[in-house]
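Peer 1: Have a look at the structure that comes next, please.
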Amino acid sequence: MNVENVKSQMRKGILEYCILLLLEKEPSYTSDIIQKLQAARLIVVEGTLYPLLTRLKNSGLLNYQWVESTQGPPRKYYRLTEGGAAFLKELEASWQELNDTINHITNNY
């Protein structure tokens, strides 16, 4: 078994959660989202992010607004919807539960 494959699957599994967490703080442009994820050492490229943002939007968790840019064409800023905020709360509870499980196993066995 290749540890890099497992690590990659783990990162993919939390990517949606991380995006929702970022957008909960403030509306963001795709490049800003990528930059923040990379700063957190969760490497992602545009080819991965765009389809994911579209899927989240189509699921009603995100919407976007076009904002004029002084440095080129208008930019699409994504933001959490009310449904997205509720979904994020559920993910936060699930994350806490998983974290508690891992900590329990780590500390007790």
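By order of appearance in the structure tokens: chains A, B, ..., then residues from 1 within every chain, and ligands from 1 in the order shown.
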Please report, as a ChimeraX atom specification, each residue of chain A to which DSSP assigns helix (DSSP H, G or I) when run on this structure's backbone.
Peer 2: /A:3-25,30-39,46-58,82-108
Peer 1: DSSP says strand (DSSP E) for which residues of chain A? Put them as a list in words?
Peer 2: Ser28, Tyr29, Leu62, Asn63, Tyr64, Gln65, Trp66, Val67, Glu68, Ser69, Gly72, Pro73, Pro74, Arg75, Lys76, Tyr77, Tyr78, Arg79 and Leu80 of chain A
Peer 1: Please provide as a CSV table (one decimal) with all heavy atoms, in the first residue's frame all residues within 10 Å of Leu56 (chain A), with the sequence filter that same-chain residues fewer than 4 positions apart are discarded (counting only C-alpha atoms).
Peer 2:
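So the final result, stored in part.csv, reads:
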chain,number,residue,atom,x,y,z
A,16,GLU,N,-13.7,19.7,0.7
A,16,GLU,CA,-14.9,20.4,0.7
A,16,GLU,C,-15.2,21.1,2.1
A,16,GLU,O,-15.6,22.3,2.1
A,16,GLU,CB,-16.1,19.5,0.5
A,16,GLU,CG,-16.2,19.0,-1.0
A,16,GLU,CD,-17.4,18.1,-1.2
A,16,GLU,OE1,-18.4,18.1,-0.4
A,16,GLU,OE2,-17.3,17.3,-2.1
A,19,ILE,N,-13.0,24.2,2.2
A,19,ILE,CA,-13.5,25.3,1.4
A,19,ILE,C,-14.7,26.0,2.1
A,19,ILE,O,-14.7,27.2,2.1
A,19,ILE,CB,-13.9,24.8,0.0
A,19,ILE,CG1,-12.6,24.4,-0.8
A,19,ILE,CG2,-14.7,25.8,-0.8
A,19,ILE,CD1,-12.9,23.6,-2.0
A,20,LEU,N,-15.6,25.2,2.6
A,20,LEU,CA,-16.7,25.8,3.3
A,20,LEU,C,-16.3,26.6,4.5
A,20,LEU,O,-16.8,27.7,4.8
A,20,LEU,CB,-17.7,24.7,3.7
A,20,LEU,CG,-18.4,24.0,2.5
A,20,LEU,CD1,-19.3,22.8,3.0
A,20,LEU,CD2,-19.2,24.9,1.7
A,50,TYR,N,-12.2,24.2,-9.4
A,50,TYR,CA,-13.4,24.7,-10.2
A,50,TYR,C,-14.5,23.7,-10.2
A,50,TYR,O,-15.7,24.0,-10.0
A,50,TYR,CB,-13.0,25.1,-11.6
A,50,TYR,CG,-12.4,26.5,-11.7
A,50,TYR,CD1,-11.0,26.6,-12.0
A,50,TYR,CD2,-13.1,27.6,-11.4
A,50,TYR,CE1,-10.4,27.9,-12.1
A,50,TYR,CE2,-12.5,28.9,-11.4
A,50,TYR,CZ,-11.2,29.0,-11.8
A,50,TYR,OH,-10.7,30.2,-11.8
A,51,PRO,N,-14.3,22.4,-10.5
A,51,PRO,CA,-15.4,21.4,-10.5
A,51,PRO,C,-16.0,21.3,-9.1
A,51,PRO,O,-17.3,21.1,-9.0
A,51,PRO,CB,-14.8,20.1,-11.0
A,51,PRO,CG,-13.5,20.5,-11.7
A,51,PRO,CD,-13.1,21.8,-11.0
A,52,LEU,N,-15.2,21.4,-8.1
A,52,LEU,CA,-15.7,21.2,-6.8
A,52,LEU,C,-16.6,22.4,-6.4
A,52,LEU,O,-17.7,22.3,-5.8
A,52,LEU,CB,-14.6,21.1,-5.8
A,52,LEU,CG,-14.9,20.9,-4.3
A,52,LEU,CD1,-15.9,19.8,-4.1
A,52,LEU,CD2,-13.6,20.7,-3.5
A,60,GLY,N,-26.5,23.9,-3.9
A,60,GLY,CA,-27.2,25.0,-3.1
A,60,GLY,C,-26.4,25.4,-1.9
A,60,GLY,O,-26.9,26.1,-1.1
A,61,LEU,N,-25.1,25.0,-1.8
A,61,LEU,CA,-24.3,25.3,-0.6
A,61,LEU,C,-23.6,26.6,-0.8
A,61,LEU,O,-23.2,27.3,0.2
A,61,LEU,CB,-23.3,24.2,-0.3
A,61,LEU,CG,-24.0,22.8,-0.1
A,61,LEU,CD1,-22.9,21.8,0.1
A,61,LEU,CD2,-24.9,22.8,1.0
A,62,LEU,N,-23.3,27.0,-2.1
A,62,LEU,CA,-22.6,28.2,-2.4
A,62,LEU,C,-23.4,29.0,-3.4
A,62,LEU,O,-24.2,28.4,-4.2
A,62,LEU,CB,-21.3,27.9,-3.0
A,62,LEU,CG,-20.3,27.1,-2.3
A,62,LEU,CD1,-19.0,27.0,-3.1
A,62,LEU,CD2,-19.9,27.7,-0.9
A,63,ASN,N,-23.2,30.3,-3.5
A,63,ASN,CA,-23.6,31.1,-4.6
A,63,ASN,C,-22.4,32.0,-4.9
A,63,ASN,O,-21.4,31.9,-4.3
A,63,ASN,CB,-24.9,31.8,-4.4
A,63,ASN,CG,-24.9,32.8,-3.2
A,63,ASN,OD1,-23.8,33.2,-2.8
A,63,ASN,ND2,-26.0,33.1,-2.7
A,80,LEU,N,-20.9,31.4,1.0
A,80,LEU,CA,-21.8,30.4,1.6
A,80,LEU,C,-23.3,30.8,1.6
A,80,LEU,O,-23.6,32.0,1.8
A,80,LEU,CB,-21.4,30.2,3.1
A,80,LEU,CG,-21.2,28.8,3.6
A,80,LEU,CD1,-20.4,27.9,2.8
A,80,LEU,CD2,-20.7,28.9,5.1
A,84,GLY,N,-25.7,26.2,2.9
A,84,GLY,CA,-24.3,25.9,3.1
A,84,GLY,C,-23.8,26.1,4.5
A,84,GLY,O,-23.0,25.2,5.0
Peer 1: For Asp32 (chain A), which residue out of A:Glu46, A:Glu90, A:Glu68, A:Glu97 is the nearest one, using only C-alpha atoms?
Peer 2: A:Glu46
Peer 1: Which residue gives the smallest distance to Ala86 (chain A) among A:Gln65, A:Glu24, A:Leu98, A:Gln71, with only C-alpha atoms counted?
Peer 2: A:Glu24
Peer 1: A:Leu42, A:Leu23, A:Leu37, A:Leu88: which is nearest Gln9 (chain A), counting only C-alpha atoms?
Peer 2: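 The closest residue to Gln9 (chain A) is A:Leu42.
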Peer 1: For each of A:Tyr64, A:Asn58, A:Asn99, A:Gln35, take the minimum atom-to-atom distance to Tyr77 (chain A), counting only C-alpha atoms, then give the residue where this is smallest.
Peer 2: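 Looking only at the distances to Tyr77 (chain A), the closest residue turns out to be A:Tyr64.
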Peer 1: Quick one, how far is CA of Ala93 (chain A) from CA of Leu22 (chain A)?
Peer 2: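 Separation of CA of Ala93 (chain A) and CA of Leu22 (chain A): 16.7 Å.
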Peer 1: Could you work out how far CA of Glu26 (chain A) lies from CA of Ser69 (chain A), giving the answer in Å with one decimal?
Peer 2: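 CA of Glu26 (chain A) lies 17.5 Å from CA of Ser69 (chain A).
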Peer 1: Just how far from CA of Lys76 (chain A) is CA of Ser28 (chain A), in Å to one decimal?
Peer 2: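 Computed distance, CA of Ser28 (chain A) to CA of Lys76 (chain A), equals 8.1 Å.
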Peer 1: Tell me which of A:Gln38, A:Thr30, A:Ser94, A:Asn2 sits closest to Leu53 (chain A), counting only C-alpha atoms.
Peer 2: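 Of the candidates, the smallest distance to Leu53 (chain A) is held by A:Thr30.
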